[in-house]
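Asks: So I've got this file, my_file-v3.cif, and it contains mmCIF, C-alpha atoms:
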data_protein
loop_
_atom_site.group_PDB
_atom_site.id
_atom_site.type_symbol
_atom_site.label_atom_id
_atom_site.label_comp_id
_atom_site.auth_asym_id
_atom_site.auth_seq_id
_atom_site.Cartn_x
_atom_site.Cartn_y
_atom_site.Cartn_z
ATOM 1 C CA MET Y 1 249.321 -4.659 45.644
ATOM 2 C CA ASP Y 2 251.715 -7.717 45.570
ATOM 3 C CA ARG Y 3 249.744 -9.267 42.725
ATOM 4 C CA LEU Y 4 249.759 -6.006 40.792
ATOM 5 C CA SER Y 5 253.494 -5.442 41.310
ATOM 6 C CA GLY Y 6 254.081 -9.025 40.172
ATOM 7 C CA LEU Y 7 252.470 -8.200 36.842
ATOM 8 C CA MET Y 8 254.778 -5.288 36.076
ATOM 9 C CA PRO Y 9 257.866 -7.347 35.050
ATOM 10 C CA PHE Y 10 255.675 -9.221 32.549
ATOM 11 C CA ILE Y 11 253.939 -6.081 31.194
ATOM 12 C CA ARG Y 12 257.162 -4.088 30.753
ATOM 13 C CA THR Y 13 258.938 -7.054 29.154
ATOM 14 C CA ALA Y 14 256.048 -7.527 26.725
ATOM 15 C CA GLU Y 15 256.108 -3.829 25.831
ATOM 16 C CA LEU Y 16 259.901 -3.413 25.561
ATOM 17 C CA GLY Y 17 260.874 -6.836 24.220
ATOM 18 C CA SER Y 18 263.629 -7.773 26.666
ATOM 19 C CA PHE Y 19 264.321 -8.407 30.326
ATOM 20 C CA VAL Y 20 267.160 -5.884 30.219
ATOM 21 C CA ALA Y 21 264.997 -3.035 28.927
ATOM 22 C CA ALA Y 22 262.170 -3.945 31.324
ATOM 23 C CA GLY Y 23 264.634 -3.988 34.233
ATOM 24 C CA ARG Y 24 265.955 -0.585 33.257
ATOM 25 C CA ALA Y 25 262.382 0.825 33.190
ATOM 26 C CA LEU Y 26 261.509 -0.744 36.546
ATOM 27 C CA GLY Y 27 264.828 -0.102 38.316
ATOM 28 C CA LEU Y 28 265.527 -3.839 38.619
ATOM 29 C CA SER Y 29 268.149 -6.200 37.307
ATOM 30 C CA ALA Y 30 267.409 -8.246 34.191
ATOM 31 C CA SER Y 31 267.705 -11.360 36.359
ATOM 32 C CA ALA Y 32 265.061 -10.096 38.803
ATOM 33 C CA VAL Y 33 262.686 -9.330 35.929
ATOM 34 C CA GLY Y 34 263.238 -12.798 34.446
ATOM 35 C CA LYS Y 35 262.555 -14.456 37.799
ATOM 36 C CA GLY Y 36 259.403 -12.345 38.231
ATOM 37 C CA VAL Y 37 258.103 -13.467 34.849
ATOM 38 C CA THR Y 38 258.900 -17.104 35.674
ATOM 39 C CA ARG Y 39 256.991 -16.860 38.980
ATOM 40 C CA LEU Y 40 253.998 -15.359 37.149
ATOM 41 C CA GLU Y 41 254.051 -18.195 34.592
ATOM 42 C CA GLN Y 42 254.049 -20.690 37.445
ATOM 43 C CA GLN Y 43 251.085 -18.918 39.062
ATOM 44 C CA VAL Y 44 248.944 -18.827 35.909
ATOM 45 C CA GLY Y 45 250.080 -22.251 34.725
ATOM 46 C CA VAL Y 46 250.990 -21.277 31.132
ATOM 47 C CA ARG Y 47 254.106 -20.128 29.295
ATOM 48 C CA LEU Y 48 253.831 -16.416 28.502
ATOM 49 C CA PHE Y 49 257.084 -15.984 26.534
ATOM 50 C CA GLN Y 50 259.050 -18.048 24.044
ATOM 51 C CA ARG Y 51 262.700 -17.654 25.037
ATOM 52 C CA SER Y 52 265.920 -18.109 23.071
ATOM 53 C CA THR Y 53 269.490 -17.079 23.734
ATOM 54 C CA ARG Y 54 268.995 -13.987 21.574
ATOM 55 C CA SER Y 55 265.361 -12.910 21.968
ATOM 56 C CA ILE Y 56 262.024 -13.426 23.649
ATOM 57 C CA SER Y 57 258.522 -13.206 22.154
ATOM 58 C CA LEU Y 58 254.993 -13.509 23.498
ATOM 59 C CA THR Y 59 253.125 -16.769 23.124
ATOM 60 C CA ASP Y 60 249.480 -16.628 22.004
ATOM 61 C CA GLU Y 61 248.470 -17.012 25.642
ATOM 62 C CA GLY Y 62 250.936 -14.304 26.626
ATOM 63 C CA ARG Y 63 249.548 -11.903 24.036
ATOM 64 C CA MET Y 64 245.985 -12.441 25.258
ATOM 65 C CA PHE Y 65 247.098 -12.018 28.876
ATOM 66 C CA GLN Y 66 248.951 -8.788 28.018
ATOM 67 C CA GLU Y 67 245.808 -7.294 26.437
ATOM 68 C CA ARG Y 68 243.760 -8.077 29.528
ATOM 69 C CA CYS Y 69 246.439 -6.683 31.843
ATOM 70 C CA ARG Y 70 246.700 -3.514 29.729
ATOM 71 C CA ARG Y 71 242.963 -2.903 30.090
ATOM 72 C CA ILE Y 72 243.196 -3.410 33.858
ATOM 73 C CA LEU Y 73 246.000 -0.857 34.118
ATOM 74 C CA ASP Y 74 244.064 1.574 31.908
ATOM 75 C CA ASP Y 75 241.104 1.260 34.285
ATOM 76 C CA LEU Y 76 243.386 1.987 37.239
ATOM 77 C CA ASP Y 77 244.760 5.043 35.431
ATOM 78 C CA ASP Y 78 241.215 6.233 34.781
ATOM 79 C CA ALA Y 79 240.277 5.730 38.429
ATOM 80 C CA GLN Y 80 243.275 7.791 39.551
ATOM 81 C CA ALA Y 81 242.476 10.491 36.993
ATOM 82 C CA ALA Y 82 238.866 10.600 38.189
ATOM 83 C CA LEU Y 83 240.017 11.105 41.791
ATOM 84 C CA SER Y 84 242.308 13.914 40.694
ATOM 85 C CA ARG Y 85 239.544 15.598 38.685
ATOM 86 C CA SER Y 86 237.096 15.362 41.600
ATOM 87 C CA THR Y 87 238.985 18.196 43.312
ATOM 88 C CA GLU Y 88 239.128 20.374 40.183
ATOM 89 C CA THR Y 89 236.705 23.192 39.428
ATOM 90 C CA PRO Y 90 234.685 22.264 36.308
ATOM 91 C CA ARG Y 91 235.373 24.795 33.569
ATOM 92 C CA GLY Y 92 235.441 25.291 29.835
ATOM 93 C CA ARG Y 93 233.018 25.387 26.932
ATOM 94 C CA LEU Y 94 230.225 22.796 26.853
ATOM 95 C CA ARG Y 95 228.469 22.349 23.498
ATOM 96 C CA LEU Y 96 224.902 21.014 23.661
ATOM 97 C CA SER Y 97 222.428 19.874 20.992
ATOM 98 C CA LEU Y 98 218.711 19.694 21.846
ATOM 99 C CA PRO Y 99 215.361 19.450 20.043
ATOM 100 C CA ILE Y 100 213.864 22.918 19.582
ATOM 101 C CA ALA Y 101 210.802 22.402 21.778
ATOM 102 C CA SER Y 102 212.854 20.954 24.634
ATOM 103 C CA TYR Y 103 213.893 24.398 25.836
ATOM 104 C CA HIS Y 104 210.541 24.463 27.666
ATOM 105 C CA LEU Y 105 211.748 21.471 29.673
ATOM 106 C CA PHE Y 106 215.380 22.472 30.211
ATOM 107 C CA GLN Y 107 215.340 26.265 30.371
ATOM 108 C CA SER Y 108 215.192 26.577 34.162
ATOM 109 C CA ALA Y 109 217.682 23.734 34.613
ATOM 110 C CA PHE Y 110 220.223 25.429 32.352
ATOM 111 C CA LEU Y 111 219.897 28.740 34.177
ATOM 112 C CA GLU Y 112 220.395 27.059 37.546
ATOM 113 C CA PHE Y 113 223.370 25.119 36.179
ATOM 114 C CA MET Y 114 224.982 28.351 34.939
ATOM 115 C CA ALA Y 115 224.551 29.923 38.364
ATOM 116 C CA GLN Y 116 226.101 26.916 40.115
ATOM 117 C CA TYR Y 117 228.982 26.439 37.634
ATOM 118 C CA PRO Y 118 229.999 29.938 36.457
ATOM 119 C CA ASP Y 119 233.269 28.671 34.955
ATOM 120 C CA ILE Y 120 231.415 26.504 32.404
ATOM 121 C CA GLU Y 121 230.295 28.250 29.203
ATOM 122 C CA LEU Y 122 227.144 26.681 27.722
ATOM 123 C CA ASP Y 123 226.944 26.742 23.910
ATOM 124 C CA ILE Y 124 223.447 25.454 23.057
ATOM 125 C CA ASP Y 125 222.156 24.523 19.604
ATOM 126 C CA PHE Y 126 218.388 24.014 19.514
ATOM 127 C CA SER Y 127 217.708 21.970 16.384
ATOM 128 C CA ASP Y 128 215.509 19.044 15.382
ATOM 129 C CA GLN Y 129 218.232 17.834 13.015
ATOM 130 C CA MET Y 130 220.071 14.702 14.191
ATOM 131 C CA VAL Y 131 223.738 15.655 14.416
ATOM 132 C CA ASP Y 132 226.834 13.465 14.591
ATOM 133 C CA LEU Y 133 228.275 14.390 17.977
ATOM 134 C CA VAL Y 134 231.784 13.225 17.169
ATOM 135 C CA GLU Y 135 232.037 14.919 13.758
ATOM 136 C CA GLU Y 136 230.316 18.134 14.897
ATOM 137 C CA GLY Y 137 232.281 18.402 18.141
ATOM 138 C CA ILE Y 138 229.137 18.292 20.306
ATOM 139 C CA ASP Y 139 229.744 17.368 23.940
ATOM 140 C CA ILE Y 140 226.199 16.329 24.954
ATOM 141 C CA ALA Y 141 222.864 15.885 23.176
ATOM 142 C CA ILE Y 142 219.306 15.258 24.348
ATOM 143 C CA ARG Y 143 217.601 12.525 22.329
ATOM 144 C CA GLY Y 144 214.198 10.877 22.473
ATOM 145 C CA GLY Y 145 213.143 7.354 21.597
ATOM 146 C CA GLU Y 146 215.130 4.128 21.611
ATOM 147 C CA LEU Y 147 218.840 4.619 20.960
ATOM 148 C CA PRO Y 148 220.775 2.375 18.553
ATOM 149 C CA ASP Y 149 224.162 0.952 19.463
ATOM 150 C CA SER Y 150 226.719 3.660 18.755
ATOM 151 C CA ARG Y 151 229.882 5.404 19.882
ATOM 152 C CA LEU Y 152 227.849 7.183 22.557
ATOM 153 C CA MET Y 153 227.454 6.885 26.298
ATOM 154 C CA THR Y 154 223.946 7.406 27.676
ATOM 155 C CA ARG Y 155 222.098 8.438 30.845
ATOM 156 C CA ALA Y 156 218.344 7.839 30.931
ATOM 157 C CA LEU Y 157 216.165 10.815 31.887
ATOM 158 C CA PRO Y 158 212.527 10.740 33.028
ATOM 159 C CA PRO Y 159 210.485 9.712 29.948
ATOM 160 C CA VAL Y 160 208.187 12.042 28.022
ATOM 161 C CA GLN Y 161 204.478 11.297 27.553
ATOM 162 C CA LEU Y 162 202.933 12.368 24.255
ATOM 163 C CA ILE Y 163 199.536 14.007 24.790
ATOM 164 C CA ILE Y 164 196.742 14.120 22.206
ATOM 165 C CA CYS Y 165 194.847 17.348 22.760
ATOM 166 C CA ALA Y 166 192.603 20.043 21.264
ATOM 167 C CA SER Y 167 191.210 23.401 22.282
ATOM 168 C CA PRO Y 168 187.783 23.671 23.976
ATOM 169 C CA ASP Y 169 186.574 25.761 21.027
ATOM 170 C CA TYR Y 170 187.581 23.109 18.493
ATOM 171 C CA LEU Y 171 185.934 20.320 20.522
ATOM 172 C CA ALA Y 172 182.748 22.380 20.861
ATOM 173 C CA ARG Y 173 182.575 22.726 17.066
ATOM 174 C CA HIS Y 174 183.674 19.222 16.043
ATOM 175 C CA GLY Y 175 182.891 17.018 19.041
ATOM 176 C CA THR Y 176 185.222 15.085 21.346
ATOM 177 C CA PRO Y 177 186.705 11.870 19.896
ATOM 178 C CA LYS Y 178 185.928 8.861 22.093
ATOM 179 C CA THR Y 179 187.861 6.167 20.211
ATOM 180 C CA PRO Y 180 190.966 6.289 17.971
ATOM 181 C CA ARG Y 181 188.823 5.718 14.881
ATOM 182 C CA ASP Y 182 186.854 8.887 15.655
ATOM 183 C CA LEU Y 183 189.954 10.863 14.624
ATOM 184 C CA ASP Y 184 189.276 9.894 11.003
ATOM 185 C CA SER Y 185 186.586 12.582 10.931
ATOM 186 C CA HIS Y 186 188.695 15.258 12.626
ATOM 187 C CA GLN Y 187 191.245 17.835 11.504
ATOM 188 C CA GLY Y 188 194.875 17.170 12.385
ATOM 189 C CA VAL Y 189 197.759 19.476 13.259
ATOM 190 C CA ARG Y 190 200.861 17.368 12.638
ATOM 191 C CA PHE Y 191 204.555 17.519 13.492
ATOM 192 C CA ARG Y 192 207.020 16.449 10.782
ATOM 193 C CA PHE Y 193 210.450 15.086 11.737
ATOM 194 C CA PHE Y 194 213.278 17.111 10.250
ATOM 195 C CA LYS Y 195 215.569 14.276 9.166
ATOM 196 C CA SER Y 196 213.119 11.665 7.856
ATOM 197 C CA GLY Y 197 210.314 13.977 6.741
ATOM 198 C CA LYS Y 198 207.818 11.568 8.328
ATOM 199 C CA LEU Y 199 204.793 12.712 10.278
ATOM 200 C CA GLN Y 200 204.721 11.937 13.974
ATOM 201 C CA GLU Y 201 202.498 8.911 14.454
ATOM 202 C CA TRP Y 202 199.445 9.115 16.665
ATOM 203 C CA PRO Y 203 200.503 7.589 20.021
ATOM 204 C CA LEU Y 204 197.468 5.316 20.200
ATOM 205 C CA LYS Y 205 196.843 1.645 20.837
ATOM 206 C CA LEU Y 206 195.347 0.176 17.678
ATOM 207 C CA ARG Y 207 194.135 -3.369 17.153
ATOM 208 C CA ALA Y 208 196.317 -5.687 15.076
ATOM 209 C CA GLY Y 209 195.647 -5.096 11.389
ATOM 210 C CA GLU Y 210 193.669 -1.914 12.025
ATOM 211 C CA ALA Y 211 194.181 0.808 9.413
ATOM 212 C CA GLU Y 212 196.186 3.934 10.229
ATOM 213 C CA ILE Y 213 194.424 6.992 11.618
ATOM 214 C CA ARG Y 214 193.660 9.379 8.746
ATOM 215 C CA THR Y 215 192.674 12.831 9.900
ATOM 216 C CA ARG Y 216 192.339 15.669 7.392
ATOM 217 C CA THR Y 217 195.640 17.436 7.973
ATOM 218 C CA VAL Y 218 195.315 21.217 8.115
ATOM 219 C CA LEU Y 219 198.896 21.996 9.156
ATOM 220 C CA THR Y 220 202.205 20.137 8.915
ATOM 221 C CA CYS Y 221 205.434 21.649 10.194
ATOM 222 C CA ASN Y 222 208.733 20.718 11.829
ATOM 223 C CA ASN Y 223 208.451 23.184 14.717
ATOM 224 C CA MET Y 224 206.667 21.939 17.830
ATOM 225 C CA ASP Y 225 205.952 25.469 19.095
ATOM 226 C CA MET Y 226 204.023 26.206 15.895
ATOM 227 C CA VAL Y 227 202.095 22.945 16.316
ATOM 228 C CA CYS Y 228 201.203 23.974 19.868
ATOM 229 C CA SER Y 229 200.027 27.438 18.796
ATOM 230 C CA ALA Y 230 197.829 26.013 16.034
ATOM 231 C CA ILE Y 231 196.196 23.506 18.395
ATOM 232 C CA ILE Y 232 195.510 26.169 21.038
ATOM 233 C CA SER Y 233 194.054 28.400 18.303
ATOM 234 C CA GLY Y 234 191.472 25.742 17.495
ATOM 235 C CA PHE Y 235 192.647 24.485 14.107
ATOM 236 C CA GLY Y 236 192.599 20.811 14.985
ATOM 237 C CA VAL Y 237 193.658 17.872 17.148
ATOM 238 C CA GLY Y 238 197.395 17.401 17.645
ATOM 239 C CA ILE Y 239 200.167 15.762 19.640
ATOM 240 C CA LEU Y 240 202.322 17.573 22.195
ATOM 241 C CA PRO Y 241 204.980 16.366 24.642
ATOM 242 C CA ASP Y 242 203.763 16.564 28.230
ATOM 243 C CA PHE Y 243 206.208 19.338 29.189
ATOM 244 C CA LEU Y 244 204.832 21.557 26.408
ATOM 245 C CA ALA Y 245 201.175 20.688 27.056
ATOM 246 C CA ARG Y 246 201.348 20.995 30.857
ATOM 247 C CA GLU Y 247 200.633 24.740 31.160
ATOM 248 C CA PRO Y 248 197.819 25.022 28.545
ATOM 249 C CA LEU Y 249 196.179 21.915 30.025
ATOM 250 C CA ALA Y 250 196.350 23.468 33.483
ATOM 251 C CA ASP Y 251 194.855 26.825 32.432
ATOM 252 C CA GLY Y 252 192.157 25.221 30.252
ATOM 253 C CA SER Y 253 193.538 26.355 26.879
ATOM 254 C CA LEU Y 254 193.740 22.687 25.888
ATOM 255 C CA HIS Y 255 191.863 19.520 26.770
ATOM 256 C CA ARG Y 256 193.394 16.066 26.600
ATOM 257 C CA VAL Y 257 191.540 13.518 24.473
ATOM 258 C CA LEU Y 258 191.821 9.732 24.100
ATOM 259 C CA GLY Y 259 193.976 9.449 27.221
ATOM 260 C CA ASP Y 260 192.671 5.931 27.904
ATOM 261 C CA HIS Y 261 193.855 4.831 24.460
ATOM 262 C CA SER Y 262 197.331 6.380 24.549
ATOM 263 C CA ILE Y 263 200.518 4.331 24.550
ATOM 264 C CA GLY Y 264 203.156 4.700 27.248
ATOM 265 C CA PRO Y 265 205.820 7.416 27.479
ATOM 266 C CA ASN Y 266 208.836 7.761 25.179
ATOM 267 C CA PRO Y 267 212.384 7.330 26.529
ATOM 268 C CA LEU Y 268 214.518 10.457 26.855
ATOM 269 C CA SER Y 269 218.293 10.319 27.193
ATOM 270 C CA LEU Y 270 221.417 12.377 27.599
ATOM 271 C CA VAL Y 271 224.094 11.114 25.189
ATOM 272 C CA TRP Y 272 227.759 11.999 24.811
ATOM 273 C CA PRO Y 273 230.790 10.554 22.982
ATOM 274 C CA SER Y 274 232.385 7.680 24.838
ATOM 275 C CA SER Y 275 235.724 8.439 26.434
ATOM 276 C CA ARG Y 276 237.860 6.624 28.925
ATOM 277 C CA GLN Y 277 238.433 9.910 30.734
ATOM 278 C CA LEU Y 278 235.089 11.662 31.028
ATOM 279 C CA SER Y 279 235.690 15.378 31.484
ATOM 280 C CA GLN Y 280 234.590 16.972 34.734
ATOM 281 C CA LYS Y 281 232.355 19.500 32.952
ATOM 282 C CA ILE Y 282 230.396 16.695 31.231
ATOM 283 C CA ARG Y 283 230.188 14.672 34.431
ATOM 284 C CA VAL Y 284 228.716 17.507 36.530
ATOM 285 C CA PHE Y 285 226.287 18.494 33.757
ATOM 286 C CA VAL Y 286 224.935 14.955 33.348
ATOM 287 C CA ASP Y 287 224.498 14.535 37.119
ATOM 288 C CA PHE Y 288 222.924 17.994 37.541
ATOM 289 C CA ILE Y 289 220.372 17.681 34.724
ATOM 290 C CA SER Y 290 219.353 14.154 35.783
ATOM 291 C CA ALA Y 291 218.776 15.243 39.375
ATOM 292 C CA HIS Y 292 216.969 18.434 38.303
ATOM 293 C CA LEU Y 293 214.437 16.639 36.108
ATOM 294 C CA GLU Y 294 213.767 13.954 38.700
ATOM 295 C CA GLY Y 295 213.134 16.668 41.286
ATOM 296 C CA GLN Y 296 210.943 18.594 38.861
ATOM 297 C CA LEU Y 297 208.716 15.562 38.312
ATOM 298 C CA ALA Y 298 208.553 14.876 42.041
ATOM 299 C CA ASP Y 299 207.113 18.380 42.553
ATOM 300 C CA LEU Y 300 204.262 17.836 40.085
#
Can the structure from this file be put into structure tokens for me?
Replies:
Amino acid sequence: MDRLSGLMPFIRTAELGSFVAAGRALGLSASAVGKGVTRLEQQVGVRLFQRSTRSISLTDEGRMFQERCRRILDDLDDAQAALSRSTETPRGRLRLSLPIASYHLFQSAFLEFMAQYPDIELDIDFSDQMVDLVEEGIDIAIRGGELPDSRLMTRALPPVQLIICASPDYLARHGTPKTPRDLDSHQGVRFRFFKSGKLQEWPLKLRAGEAEIRTRTVLTCNNMDMVCSAIISGFGVGILPDFLAREPLADGSLHRVLGDHSIGPNPLSLVWPSSRQLSQKIRVFVDFISAHLEGQLADL
């Protein structure tokens, strides 16, 4: 702590503009503050202040050093605040934004979280529209795919595999595709992204320069549950996230096709606005959901 206490005369002088004011804030004499600053300058080997008989001002080196010291003290304040919050009971309203279909994946986790943290009120918005968390006042969102640089903090979740599948009845009538190009002669049930209006691409490995897959689309919609129902009902081949396809695959309502040609899983992340003092309710939610999903996958 000697090194830290030795910084305080410099930091207070830089903030208040005089040795006298810094001494008053620290309970020291102006002479003691001046000597402390001089010792620090000797230790770092540069002049931190320009001095005159009437005033003092930071040198360029002093200004840079002050910024670094301020960040260090902010980190210490955050560490102390985190220790204080660790003994608090998490409480308050927690606003969440999730893709509509993801309730199949998170429903049980949310119910368990509510039972464990009864003082936290969950306010959940299921929507496929990409919202601005800061402007909309959203605490946490679930997002898939690669994330751009932003004002958000992130925690990676277990990734989601996209499954190409069809009902046994549909495959009996139209045959089972063996290669990606076979889909050109099939009927497609397609998901459309809300924001861009683009169709979800077939998650298939295609050769360089190979033309896009062109099924005859029989249904396009922006609701994954509707896509799932149409595929199970035998209207065509479609794409489902693994958590939505898991049960119908297990009971035989759907069969997976082209598994050997599928690309790898998509990233899934928890995101929340960056803050130097992460609230306790956000912290426990992020840790709980991450652990829950990892345990859920381990049980499969």
Asks: Quick one: residues within 12 Å of Leu244 of chain Y, only C-alpha atoms, excluding same-chain residues fewer than 5 positions away - as a PDB file with C-alpha atoms, in the coordinates of the input?
Replies:
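The resulting file, part36.pdb, is reproduced below:
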ATOM      1  CA  ILE Y 100     213.864  22.918  19.582  1.00  0.00           C
ATOM      2  CA  ALA Y 101     210.802  22.402  21.778  1.00  0.00           C
ATOM      3  CA  SER Y 102     212.854  20.954  24.634  1.00  0.00           C
ATOM      4  CA  TYR Y 103     213.893  24.398  25.836  1.00  0.00           C
ATOM      5  CA  HIS Y 104     210.541  24.463  27.666  1.00  0.00           C
ATOM      6  CA  LEU Y 105     211.748  21.471  29.673  1.00  0.00           C
ATOM      7  CA  PHE Y 106     215.380  22.472  30.211  1.00  0.00           C
ATOM      8  CA  VAL Y 160     208.187  12.042  28.022  1.00  0.00           C
ATOM      9  CA  GLN Y 161     204.478  11.297  27.553  1.00  0.00           C
ATOM     10  CA  LEU Y 162     202.933  12.368  24.255  1.00  0.00           C
ATOM     11  CA  ILE Y 163     199.536  14.007  24.790  1.00  0.00           C
ATOM     12  CA  ILE Y 164     196.742  14.120  22.206  1.00  0.00           C
ATOM     13  CA  CYS Y 165     194.847  17.348  22.760  1.00  0.00           C
ATOM     14  CA  MET Y 224     206.667  21.939  17.830  1.00  0.00           C
ATOM     15  CA  ASP Y 225     205.952  25.469  19.095  1.00  0.00           C
ATOM     16  CA  MET Y 226     204.023  26.206  15.895  1.00  0.00           C
ATOM     17  CA  VAL Y 227     202.095  22.945  16.316  1.00  0.00           C
ATOM     18  CA  CYS Y 228     201.203  23.974  19.868  1.00  0.00           C
ATOM     19  CA  SER Y 229     200.027  27.438  18.796  1.00  0.00           C
ATOM     20  CA  ILE Y 231     196.196  23.506  18.395  1.00  0.00           C
ATOM     21  CA  ILE Y 232     195.510  26.169  21.038  1.00  0.00           C
ATOM     22  CA  ILE Y 239     200.167  15.762  19.640  1.00  0.00           C
ATOM     23  CA  LEU Y 249     196.179  21.915  30.025  1.00  0.00           C
ATOM     24  CA  ALA Y 250     196.350  23.468  33.483  1.00  0.00           C
ATOM     25  CA  LEU Y 254     193.740  22.687  25.888  1.00  0.00           C
TER      26      LEU Y 254
END
Asks: Once the PyMOL selection byres ((chain Y and resi 65-70) around 9) is applied to the coordinates I shared, what remains selected? I want it as a VMD selection string.
Replies: chain Y and resid 7 10 to 11 14 to 15 48 58 60 to 64 71 to 75
Asks: Would you translate the PyMOL selection byres ((chain Y and resi 127) around 8) into the concrete set of residues it matches in this file, as an mmCIF file with C-alpha atoms, in the coordinates of the input?
Replies:
data_model
loop_
_atom_site.group_PDB
_atom_site.id
_atom_site.type_symbol
_atom_site.label_atom_id
_atom_site.label_comp_id
_atom_site.auth_asym_id
_atom_site.auth_seq_id
_atom_site.Cartn_x
_atom_site.Cartn_y
_atom_site.Cartn_z
ATOM 1 C CA SER Y 97 222.428 19.874 20.992
ATOM 2 C CA LEU Y 98 218.711 19.694 21.846
ATOM 3 C CA PRO Y 99 215.361 19.450 20.043
ATOM 4 C CA ILE Y 100 213.864 22.918 19.582
ATOM 5 C CA ASP Y 125 222.156 24.523 19.604
ATOM 6 C CA PHE Y 126 218.388 24.014 19.514
ATOM 7 C CA ASP Y 128 215.509 19.044 15.382
ATOM 8 C CA GLN Y 129 218.232 17.834 13.015
ATOM 9 C CA MET Y 130 220.071 14.702 14.191
#
Asks: Give me, please, the distance in Å between atom CA of Pro265 of chain Y and atom CA of Gly144 of chain Y, quoted to one decimal.
Replies: 10.4 Å
Asks: Starting from the PyMOL selection byres ((chain Y and resi 136) around 12), expand the selection into actual residues of this file and give them as an NGL selection string.
Replies: :Y and (95-97 or 125 or 130-135 or 137-141 or 272-273)
Asks: Work out how far atom CA of Tyr170 of chain Y is from atom CA of Val237 of chain Y, in Å to one decimal.
Replies: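 These two atoms are separated by 8.1 Å.
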Asks: Using only C-alpha atoms for the distances, tell me which of Y:Val33, Y:Leu293, Y:Ile213, Y:Leu171 is nearest to Leu268 of chain Y.
Replies: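 Ranking Y:Val33, Y:Leu293, Y:Ile213, Y:Leu171 by distance to Leu268 of chain Y, first place goes to Y:Leu293.
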Asks: Calculated over all atoms listed in the file, which of the candidates Y:Gln107, Y:Thr89, Y:Gln280, Y:Thr154 has the smallest distance to Asp119 of chain Y?
Replies: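 Distance minimum relative to Asp119 of chain Y lands on Y:Thr89.
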Asks: Of the candidates Y:Lys205, Y:Arg54, Y:Lys195, Y:His292, which shows the shortest atom-to-atom distance to Arg181 of chain Y, using all atoms listed in the file?
Replies: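 Among the listed residues, the smallest separation from Arg181 of chain Y belongs to Y:Lys205.
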Asks: List every residue of segment 154-202 of chain Y that has an atom at most 12 Å from any atom of segment 220-223 of chain Y, giving for each one its closest atom pair and the distance in Å to one decimal, counting only C-alpha atoms, sorted by chain and then by ascending residue number, as a tab-separated table.
Replies:
residue	atom	partner	partner_atom	distance
Y:Gln187	CA	Y:Thr220	CA	11.5
Y:Gly188	CA	Y:Thr220	CA	8.6
Y:Val189	CA	Y:Thr220	CA	6.3
Y:Arg190	CA	Y:Thr220	CA	4.8
Y:Phe191	CA	Y:Cys221	CA	5.4
Y:Arg192	CA	Y:Asn222	CA	4.7
Y:Phe193	CA	Y:Asn222	CA	5.9
Y:Phe194	CA	Y:Asn222	CA	6.0
Y:Lys195	CA	Y:Asn222	CA	9.8
Y:Ser196	CA	Y:Asn222	CA	10.8
Y:Gly197	CA	Y:Asn222	CA	8.6
Y:Lys198	CA	Y:Asn222	CA	9.8
Y:Leu199	CA	Y:Thr220	CA	8.0
Y:Gln200	CA	Y:Asn222	CA	9.9
Asks: Enter the distance from atom CA of Pro267 of chain Y to atom CA of Gly145 of chain Y, in Å, rounded to one decimal.
Replies: 5.0 Å
Asks: Near Gly17 of chain Y, within 9 Å and counting only C-alpha atoms, which residues show up once chain neighbours fewer than 4 positions away are dropped, as a PyMOL selection string?
Replies: chain Y and resi 12-13+21-22+55-58
Asks: Could you tell me which of Y:Thr179, Y:Thr53, Y:Ser31, Y:Gln43 comes closest to His261 of chain Y if we count only C-alpha atoms?
Replies: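 Once distances to His261 of chain Y are computed over only C-alpha atoms, the minimum belongs to Y:Thr179.
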Asks: Could you check which of Y:Gly92, Y:Pro9, Y:Pro248, Y:Pro158 is closest to Ser290 of chain Y, using only C-alpha atoms?
Replies: Y:Pro158
Asks: From the options Y:Glu294, Y:Lys281, Y:Arg173, Y:Ser262, which residue's atoms come nearest to Pro118 of chain Y, counting all atoms listed in the file?
Replies: Y:Lys281
